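J.: This is protein33.txt, which holds compact mmCIF, C-alpha atoms:
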```txt
# COMPACT_ATOMS: atom_id res chain seq x y z
CA MET A 1 18.98 30.39 8.70
CA THR A 2 15.97 28.50 9.95
CA GLY A 3 17.04 25.19 8.43
CA HIS A 4 19.80 24.80 10.96
CA SER A 5 17.70 25.24 14.09
CA LYS A 6 16.32 22.16 15.79
CA SER A 7 12.59 22.88 15.40
CA SER A 8 10.84 22.64 12.03
CA PRO A 9 10.30 25.98 10.27
CA LEU A 10 7.22 24.68 8.41
CA PRO A 11 4.54 26.06 10.80
CA THR A 12 6.11 29.53 10.43
CA TYR A 13 6.18 29.22 6.62
CA PHE A 14 2.49 28.27 6.42
CA ALA A 15 1.48 30.96 8.93
CA VAL A 16 3.30 33.61 6.85
CA PHE A 17 1.73 32.20 3.67
CA PHE A 18 -1.81 32.55 5.07
CA ALA A 19 -1.01 36.01 6.45
CA LEU A 20 0.10 37.08 2.96
CA LEU A 21 -3.11 35.76 1.37
CA VAL A 22 -5.24 37.50 4.03
CA GLY A 23 -3.23 40.70 3.45
CA THR A 24 -3.94 40.51 -0.29
CA GLY A 25 -7.68 40.07 0.34
CA LEU A 26 -7.59 42.93 2.85
CA THR A 27 -5.83 45.30 0.46
CA VAL A 28 -8.37 44.58 -2.33
CA PHE A 29 -11.24 45.11 0.13
CA ALA A 30 -9.71 48.34 1.50
CA ALA A 31 -9.39 49.67 -2.06
CA THR A 32 -13.19 49.48 -2.50
CA LEU A 33 -13.80 51.63 0.60
CA ASP A 34 -13.73 55.41 0.40
CA LEU A 35 -11.14 56.40 2.97
CA GLY A 36 -10.36 59.72 1.34
CA ARG A 37 -6.68 60.55 1.56
CA PHE A 38 -5.98 57.44 3.64
CA ASN A 39 -6.59 54.93 0.82
CA ALA A 40 -3.00 55.15 -0.38
CA ALA A 41 -1.62 55.03 3.18
CA VAL A 42 -3.65 51.90 4.01
CA ALA A 43 -2.66 50.17 0.73
CA LEU A 44 1.05 50.94 1.18
CA GLY A 45 0.89 50.03 4.89
CA ILE A 46 -0.51 46.56 4.11
CA ALA A 47 2.05 46.14 1.30
CA THR A 48 4.87 47.03 3.71
CA VAL A 49 3.65 44.52 6.31
CA LYS A 50 3.51 41.83 3.59
CA ALA A 51 6.97 42.71 2.26
CA THR A 52 8.40 42.67 5.80
CA LEU A 53 6.93 39.21 6.44
CA VAL A 54 8.48 37.89 3.21
CA ALA A 55 11.90 39.39 4.00
CA LEU A 56 12.00 38.34 7.67
CA PHE A 57 10.72 34.78 7.38
CA PHE A 58 10.90 33.61 3.73
CA MET A 59 14.25 35.32 3.09
CA HIS A 60 15.51 34.37 6.57
CA VAL A 61 16.60 37.86 7.64
CA TRP A 62 15.13 37.18 11.10
CA HIS A 63 17.37 34.15 11.64
CA ALA A 64 20.36 35.42 9.65
CA SER A 65 23.50 34.27 11.41
CA GLU A 66 25.51 37.04 9.77
CA LYS A 67 24.86 40.53 11.15
CA LEU A 68 26.25 42.05 7.93
CA THR A 69 23.20 40.70 6.05
CA LYS A 70 20.89 42.71 8.30
CA LEU A 71 23.12 45.77 7.81
CA VAL A 72 22.86 45.45 4.00
CA VAL A 73 19.04 45.20 4.22
CA ILE A 74 18.82 48.26 6.47
CA ALA A 75 21.27 50.21 4.26
CA ALA A 76 19.21 49.40 1.14
CA LEU A 77 16.01 50.61 2.84
CA PHE A 78 17.77 53.71 4.15
CA PHE A 79 18.94 54.78 0.69
CA LEU A 80 15.53 53.99 -0.82
CA LEU A 81 13.86 56.21 1.79
CA LEU A 82 16.48 58.89 1.09
CA LEU A 83 15.64 58.75 -2.63
CA LEU A 84 11.85 58.84 -2.14
CA GLY A 85 11.87 61.15 0.89
CA LEU A 86 14.11 63.87 -0.51
CA THR A 87 12.43 63.81 -3.94
CA MET A 88 8.95 64.07 -2.48
CA SER A 89 10.00 66.73 0.05
CA ASP A 90 10.76 68.84 -3.02
CA TYR A 91 7.82 67.99 -5.30
CA ALA A 92 5.22 67.80 -2.52
CA THR A 93 6.07 71.27 -1.14
CA ARG A 94 6.10 73.29 -4.38
CA PRO A 95 3.33 75.85 -3.94
CA TRP A 96 3.12 76.59 -7.68
CA SER A 97 2.33 73.04 -8.85
CA MET B 1 60.11 22.03 3.57
CA LEU B 2 59.84 25.68 4.39
CA LEU B 3 56.37 25.19 5.95
CA THR B 4 57.45 22.41 8.26
CA ARG B 5 60.29 24.53 9.61
CA ARG B 6 58.01 27.38 10.67
CA ARG B 7 58.22 27.99 14.40
CA PHE B 8 55.08 30.15 14.78
CA PRO B 9 51.60 28.57 14.51
CA LEU B 10 49.57 29.08 11.34
CA PRO B 11 46.50 31.34 11.59
CA ASP B 12 43.37 29.51 12.72
CA SER B 13 41.54 29.71 9.41
CA THR B 14 44.49 28.31 7.48
CA ALA B 15 44.85 25.51 9.94
CA ILE B 16 41.15 24.61 9.63
CA GLY B 17 41.37 24.88 5.84
CA LEU B 18 44.26 22.43 5.72
CA GLN B 19 42.40 20.08 8.01
CA HIS B 20 39.40 20.13 5.65
CA GLU B 21 41.56 19.47 2.62
CA GLU B 22 42.83 16.36 4.31
CA GLU B 23 39.24 15.24 4.90
CA HIS B 24 38.38 15.69 1.19
CA ARG B 25 35.22 17.76 1.42
CA PRO B 26 34.52 18.96 -2.11
CA GLU B 27 31.53 21.08 -1.03
CA LEU B 28 33.76 23.38 1.06
CA LEU B 29 35.91 25.79 -0.95
CA HIS B 30 39.41 26.04 0.46
CA HIS B 31 39.31 29.77 1.22
CA PHE B 32 36.44 29.42 3.72
CA ALA B 33 36.89 28.33 7.32
CA ASP B 34 33.70 26.26 7.45
CA GLU B 35 30.35 25.68 5.70
CA GLN B 36 28.54 28.28 7.75
CA GLN B 37 30.99 30.99 6.68
CA GLN B 38 30.71 29.86 3.06
CA ARG B 39 26.89 30.04 3.16
CA ASP B 40 26.93 33.43 4.89
CA ALA B 41 29.34 34.84 2.29
CA SER B 42 27.08 33.69 -0.57
CA SER B 43 23.87 35.05 0.91
CA LEU B 44 25.60 38.32 1.85
CA GLY B 45 26.73 38.71 -1.77
CA MET B 46 23.18 38.06 -2.96
CA TRP B 47 21.80 40.64 -0.54
CA VAL B 48 24.24 43.25 -1.85
CA PHE B 49 22.96 42.49 -5.36
CA LEU B 50 19.35 42.79 -4.12
CA ALA B 51 20.26 46.17 -2.60
CA THR B 52 21.22 47.37 -6.10
CA GLU B 53 17.89 45.98 -7.34
CA VAL B 54 16.07 48.01 -4.67
CA MET B 55 17.75 51.13 -6.09
CA PHE B 56 16.91 50.05 -9.65
CA PHE B 57 13.19 49.61 -8.98
CA GLY B 58 13.27 52.52 -6.50
CA GLY B 59 13.95 55.00 -9.31
CA MET B 60 10.80 53.88 -11.09
CA PHE B 61 8.71 53.99 -7.93
CA CYS B 62 10.01 57.53 -7.42
CA ALA B 63 8.94 58.54 -10.95
CA TYR B 64 5.54 56.99 -10.27
CA LEU B 65 5.08 58.97 -7.02
CA VAL B 66 5.98 62.30 -8.68
CA TYR B 67 3.56 61.80 -11.60
CA ARG B 68 0.83 60.33 -9.42
CA ARG B 69 0.85 63.57 -7.42
CA TRP B 70 0.87 65.77 -10.54
CA TYR B 71 -1.76 63.87 -12.55
CA PHE B 72 -3.78 62.51 -9.64
CA GLY B 73 -7.20 62.13 -11.31
CA ASP B 74 -5.80 61.03 -14.70
CA PHE B 75 -3.86 58.24 -12.99
CA GLY B 76 -7.04 57.16 -11.18
CA ALA B 77 -9.01 56.97 -14.43
CA ALA B 78 -6.20 55.08 -16.21
CA SER B 79 -5.73 52.64 -13.32
CA LYS B 80 -9.47 51.85 -13.35
CA SER B 81 -9.18 50.51 -16.92
CA ILE B 82 -6.82 47.73 -15.78
CA ASN B 83 -8.41 44.39 -14.87
CA MET B 84 -8.18 44.23 -11.06
CA ALA B 85 -9.27 40.56 -10.86
CA LEU B 86 -6.33 39.46 -13.03
CA GLY B 87 -3.94 41.50 -10.86
CA ALA B 88 -5.32 40.04 -7.62
CA THR B 89 -5.11 36.50 -9.06
CA ASN B 90 -1.50 37.12 -10.05
CA THR B 91 -0.73 38.35 -6.52
CA ALA B 92 -2.12 35.10 -5.09
CA VAL B 93 -0.16 33.06 -7.68
CA LEU B 94 3.10 34.79 -6.66
CA ILE B 95 2.43 34.26 -2.93
CA CYS B 96 1.86 30.54 -3.61
CA SER B 97 5.13 30.43 -5.56
CA SER B 98 6.95 32.04 -2.63
CA LEU B 99 5.64 29.24 -0.40
CA THR B 100 6.87 26.56 -2.83
CA VAL B 101 10.28 28.31 -2.90
CA VAL B 102 10.71 28.17 0.91
CA LEU B 103 9.59 24.53 0.78
CA ALA B 104 12.27 23.87 -1.86
CA VAL B 105 14.97 25.50 0.31
CA TRP B 106 13.80 23.49 3.33
CA ALA B 107 13.72 20.27 1.27
CA ALA B 108 17.29 20.88 0.07
CA GLN B 109 18.49 21.49 3.64
CA THR B 110 16.81 18.33 4.94
CA ALA B 111 17.72 16.03 2.00
CA ARG B 112 14.17 15.52 0.71
CA LYS B 113 14.89 15.12 -2.99
CA LYS B 114 11.32 14.41 -4.19
CA LEU B 115 9.93 17.43 -2.33
CA LEU B 116 12.79 19.57 -3.68
CA ILE B 117 12.14 18.59 -7.31
CA GLY B 118 8.36 18.91 -6.85
CA SER B 119 8.62 22.34 -5.23
CA LEU B 120 11.00 23.66 -7.89
CA ALA B 121 8.75 22.37 -10.68
CA LEU B 122 5.64 23.83 -9.00
CA THR B 123 7.41 27.18 -8.60
CA MET B 124 8.16 27.23 -12.33
CA LEU B 125 4.57 26.30 -13.14
CA LEU B 126 3.27 29.16 -10.94
CA GLY B 127 5.79 31.54 -12.55
CA LEU B 128 4.56 30.56 -16.02
CA THR B 129 0.93 31.01 -14.84
CA PHE B 130 1.83 34.52 -13.69
CA LEU B 131 3.36 35.36 -17.08
CA GLY B 132 0.34 33.88 -18.89
CA ILE B 133 -2.10 36.03 -16.90
CA LYS B 134 0.17 39.03 -17.47
CA GLY B 135 0.02 38.28 -21.21
CA MET B 136 -3.81 38.30 -21.11
CA GLU B 137 -3.67 41.66 -19.36
CA TYR B 138 -1.28 43.10 -21.98
CA ARG B 139 -3.53 41.74 -24.75
CA ASP B 140 -6.51 43.66 -23.29
CA LYS B 141 -4.44 46.85 -23.25
CA PHE B 142 -3.44 46.39 -26.91
CA VAL B 143 -7.07 45.77 -27.92
CA GLU B 144 -8.19 48.91 -26.03
CA HIS B 145 -5.41 51.04 -27.61
CA HIS B 146 -3.99 51.78 -24.17
CA VAL B 147 -0.40 51.04 -25.22
CA PRO B 148 1.60 54.32 -25.35
CA GLY B 149 2.51 55.26 -28.90
CA ALA B 150 0.95 56.41 -32.19
CA SER B 151 -2.32 54.50 -31.77
CA PHE B 152 -2.82 55.44 -28.11
CA SER B 153 -6.34 56.57 -27.31
CA PHE B 154 -7.93 57.38 -23.95
CA ASP B 155 -10.84 59.69 -24.81
CA HIS B 156 -13.90 60.47 -22.70
CA GLU B 157 -12.75 58.49 -19.67
CA GLU B 158 -14.23 60.02 -16.53
CA ILE B 159 -12.02 60.95 -13.60
CA PRO B 160 -13.17 58.89 -10.57
CA GLY B 161 -15.17 61.04 -8.14
CA HIS B 162 -15.56 63.91 -10.62
CA PRO B 163 -18.57 63.22 -12.89
CA GLY B 164 -18.38 65.10 -16.18
CA GLN B 165 -14.62 65.64 -15.96
CA TYR B 166 -12.51 63.67 -18.41
CA ALA B 167 -8.95 62.49 -18.01
CA ASN B 168 -6.23 64.14 -20.10
CA PRO B 169 -5.07 61.43 -22.58
CA ALA B 170 -1.47 62.72 -22.49
CA HIS B 171 -1.37 62.34 -18.71
CA ALA B 172 -3.04 58.92 -18.85
CA GLN B 173 -0.39 57.87 -21.37
CA ILE B 174 2.27 58.52 -18.74
CA PHE B 175 0.44 56.18 -16.37
CA PHE B 176 0.40 53.46 -19.03
CA SER B 177 4.10 54.06 -19.81
CA LEU B 178 4.91 53.53 -16.14
CA TYR B 179 2.55 50.53 -16.05
CA PHE B 180 4.27 48.83 -18.99
CA ILE B 181 7.83 49.66 -17.88
CA MET B 182 7.31 48.59 -14.27
CA THR B 183 5.30 45.42 -14.94
CA GLY B 184 7.49 44.68 -17.99
CA LEU B 185 10.73 44.86 -15.99
CA HIS B 186 9.09 42.81 -13.27
CA ALA B 187 8.06 40.22 -15.89
CA LEU B 188 11.65 40.23 -17.22
CA HIS B 189 12.83 39.41 -13.70
CA MET B 190 10.29 36.57 -13.61
CA ILE B 191 11.65 35.18 -16.91
CA ILE B 192 15.24 35.32 -15.55
CA GLY B 193 13.94 33.66 -12.36
CA LEU B 194 12.40 30.86 -14.44
CA GLY B 195 15.79 30.31 -16.08
CA ILE B 196 17.49 30.13 -12.67
CA PHE B 197 14.88 27.69 -11.40
CA LEU B 198 15.19 25.50 -14.51
CA TRP B 199 18.92 25.23 -13.76
CA LEU B 200 18.18 24.47 -10.09
CA LEU B 201 15.68 21.80 -11.19
CA ILE B 202 18.29 20.10 -13.43
CA MET B 203 20.91 20.24 -10.66
CA ALA B 204 18.39 18.86 -8.12
CA TRP B 205 17.50 16.08 -10.58
CA LYS B 206 21.19 15.16 -10.78
CA GLY B 207 21.30 15.05 -6.98
CA ARG B 208 23.80 17.90 -6.60
CA PHE B 209 22.15 19.42 -3.53
CA THR B 210 22.79 17.99 -0.08
CA PRO B 211 22.23 19.30 3.47
CA GLU B 212 25.91 20.37 3.32
CA TYR B 213 25.70 22.08 -0.07
CA ASN B 214 22.46 23.82 -1.09
CA THR B 215 23.56 27.43 -1.46
CA PRO B 216 22.25 27.81 -5.06
CA VAL B 217 18.71 26.88 -3.93
CA GLU B 218 18.88 29.40 -1.08
CA ILE B 219 20.31 32.17 -3.31
CA GLY B 220 17.81 31.47 -6.12
CA GLY B 221 15.08 31.59 -3.47
CA LEU B 222 16.25 35.01 -2.27
CA TYR B 223 15.95 36.31 -5.85
CA TRP B 224 12.47 34.88 -6.31
CA HIS B 225 11.23 36.36 -3.01
CA PHE B 226 12.63 39.77 -3.96
CA VAL B 227 10.69 39.71 -7.24
CA ASP B 228 7.61 38.80 -5.17
CA ILE B 229 8.18 41.83 -2.89
CA VAL B 230 8.37 44.15 -5.91
CA TRP B 231 4.99 42.82 -7.06
CA ILE B 232 3.54 43.32 -3.55
CA TYR B 233 4.10 47.06 -4.09
CA LEU B 234 3.23 47.17 -7.81
CA PHE B 235 -0.19 45.61 -7.25
CA PRO B 236 -1.76 48.34 -5.03
CA LEU B 237 0.04 51.19 -6.84
CA LEU B 238 -0.99 50.23 -10.37
CA TYR B 239 -4.24 48.27 -9.94
CA LEU B 240 -5.95 49.53 -6.81
CA ILE B 241 -5.91 53.33 -6.90
CA ASP B 242 -9.26 55.13 -6.86
CA ARG B 243 -11.38 51.97 -7.03
CA HIS B 244 -14.03 53.12 -4.57
```
Could you write out this structure as C-alpha cells?

T.:
Amino acid sequence: MTGHSKSSPLPTYFAVFFALLVGTGLTVFAATLDLGRFNAAVALGIATVKATLVALFFMHVWHASEKLTKLVVIAALFFLLLLLGLTMSDYATRPWS
Amino acid sequence: MLLTRRRFPLPDSTAIGLQHEEEHRPELLHHFADEQQQRDASSLGMWVFLATEVMFFGGMFCAYLVYRRWYFGDFGAASKSINMALGATNTAVLICSSLTVVLAVWAAQTARKKLLIGSLALTMLLGLTFLGIKGMEYRDKFVEHHVPGASFSFDHEEIPGHPGQYANPAHAQIFFSLYFIMTGLHALHMIIGLGIFLWLLIMAWKGRFTPEYNTPVEIGGLYWHFVDIVWIYLFPLLYLIDRH
C-alpha cells in the first residue's frame, strides 16, 4: 500500500495516467497500420502493458504488504491462461476447420 | 475469575486485541491484531472476488477468440461498423476515472476530505459520461438494425481486404451478440460501481473515512480499476480489428 510509505505516490499516479493515455493513442494508431498477422498481437500486447500498469500501481499490487494478494493475482491469471490456452490449442489446431 | 487464574500467557494476538479494546478504537474489529492486518484481510477478500470476475469475463473472451478465428473476415466487417471514435473517447474517460479513483484513495489515507469528496464525485461524473457515450453507440446500432434478433440486417457489407466479398450476416450477428453481451455486462459493472461510489460519497460526506479507517474507499477503488482493465481489453478486441 503506497499510502503508508513516506514519499508521496502522486508522481507515480500521474506518470501511470499519462502512460495509459499514450498507450490508448498508440493502440488506435497501430490499428490503422497494416501489420498483417501482427495487428492482433500488437493490440493485445499494448492492452496487457496497460492492464499491468493499472494492477501494479493503481491497484497497489506492487506495494502489497500481503504476499497472499500477489498469489491470488497470479493464480487468477494462471487459470485464465489455462482456459484460453487449452481451448485455443484445440480450436487452433483442427485441420478440418 | 477463570481468566485471571490462568498461569500460561495468552496468545499474542489475543493480548493485543484486549489491549486495543481497552484503548477504545472503534475502527479496529476485535478479531484483528492491528489495522494493517485488518486492511490486508479486506483487500485479500476483494482480490479473491476479482479472481472470480476474471473467470467470469474470461469465459466470454474465450468465446470471442474461438468465433473470431472461425469467422475472421465477418468479424472484421462487423467491427468496422462500430464507431471507433466513441470507443476511443470512452477509453480515455475510463482512464481519467481511474486517476480520480487513486486520488480518492490517497485523499482518504491522508485525511483530505475536500479532495476525497471531489474525486469521488468526479469519478461518478466520468462513469455517467461513459454510460452516456455507450448509450449513443447502442442507439446507432439499433438505428442500423445491427442488434441481433428478428430485425437484424447486415447485407452487402464488404469483408476488409477482400473487395467484392460480402460478410455472412449470420456470422456477423454472432459478433454483435458478443459485442452486446460483453459491453452490456461491462456497463452493468459500471452501474454497480456507480452505486458503490454513491455510497462512498455519502459516507465521505458524513466524515466516516479517516487515515485509520478507509478500507471501503480502497476496496471500491479495486473494483473500479478492475472494470477499467476489462475495458482495456474490450476496446481493441471489439473496436479496432481490421481497421487498416

J.: Pull out every residue of chain B sitting within 9 Å of chain A, counting all atoms listed in the file, and send them as a ChimeraX atom specification.

T.: /B:36-37,40-41,43-45,47-48,50-52,54-55,58-59,61-62,65-66,69-70,84,88,91-92,95-96,98-99,101-103,105-106,109-110,218,221-222,225-226,228-230,232-233,235-237,240-244

J.: Determine, counting all atoms listed in the file, which protein, DNA and RNA residues have an atom within 12 Å of an atom of Lys113 in chain B; residues of the same chain fewer than 2 positions away are not included. Present the result as an NGL selection string.

T.: :B and (103-111 or 115-120 or 201 or 203-211 or 214)

J.: Could you work out an axis-aligned bounding box for all listed atoms of range 26-38 of chain A, with 6 Å added on each of the six sides, and give its centre and edge lengths in Å to one decimal, as JSON?

T.:
```
{"center_x": -9.8, "center_y": 51.7, "center_z": 0.6, "size_x": 20.0, "size_y": 29.6, "size_z": 18.1}
```

J.: Rounded to one decimal, what separation in Å do you get between CA of Leu122 in chain B and CA of Ala19 in chain A?

T.: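 Separation of CA of Leu122 in chain B and CA of Ala19 in chain A: 20.8 Å.
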
J.: Rounded to one decimal, what separation in Å do you get between CA of Leu128 in chain B and CA of Phe176 in chain B?

T.: 23.5 Å

J.: Would you compute the distance between CA of Val93 in chain B and CA of Leu26 in chain A? Give it in Å to one decimal.

T.: 16.2 Å

J.: Restricting the calculation to all atoms listed in the file, which member of B:Arg39, B:His146, B:His189, B:Arg68 is positioned closest to Leu238 in chain B?

T.: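 That would be B:Arg68, the residue with the smallest distance to Leu238 in chain B.
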
J.: Name the closest residue to Ala170 in chain B among the candidates B:Leu29, B:Ala121, B:Ile82, B:Ala150; distances are taken between atoms, counting all atoms listed in the file.

T.: B:Ala150

J.: Quick one: residues within 9 Å of Thr183 in chain B, only C-alpha atoms counted, chain neighbours fewer than 6 positions away excluded, as a ChimeraX atom specification?

T.: /B:134,231,234

J.: Using only C-alpha atoms, what residues lie at most 8 Å away from (-10.1, 54.0, -14.0) (file coordinates), given as a PyMOL selection string?

T.: chain B and resi 75-82+157-160+242-243

J.: Find, counting only C-alpha atoms, the residue in B:Gly220, B:Gly73, B:Pro163, B:Gly132 that gets nearest to Ala187 in chain B.

T.: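 Closest residue, counting only C-alpha atoms: B:Gly132.
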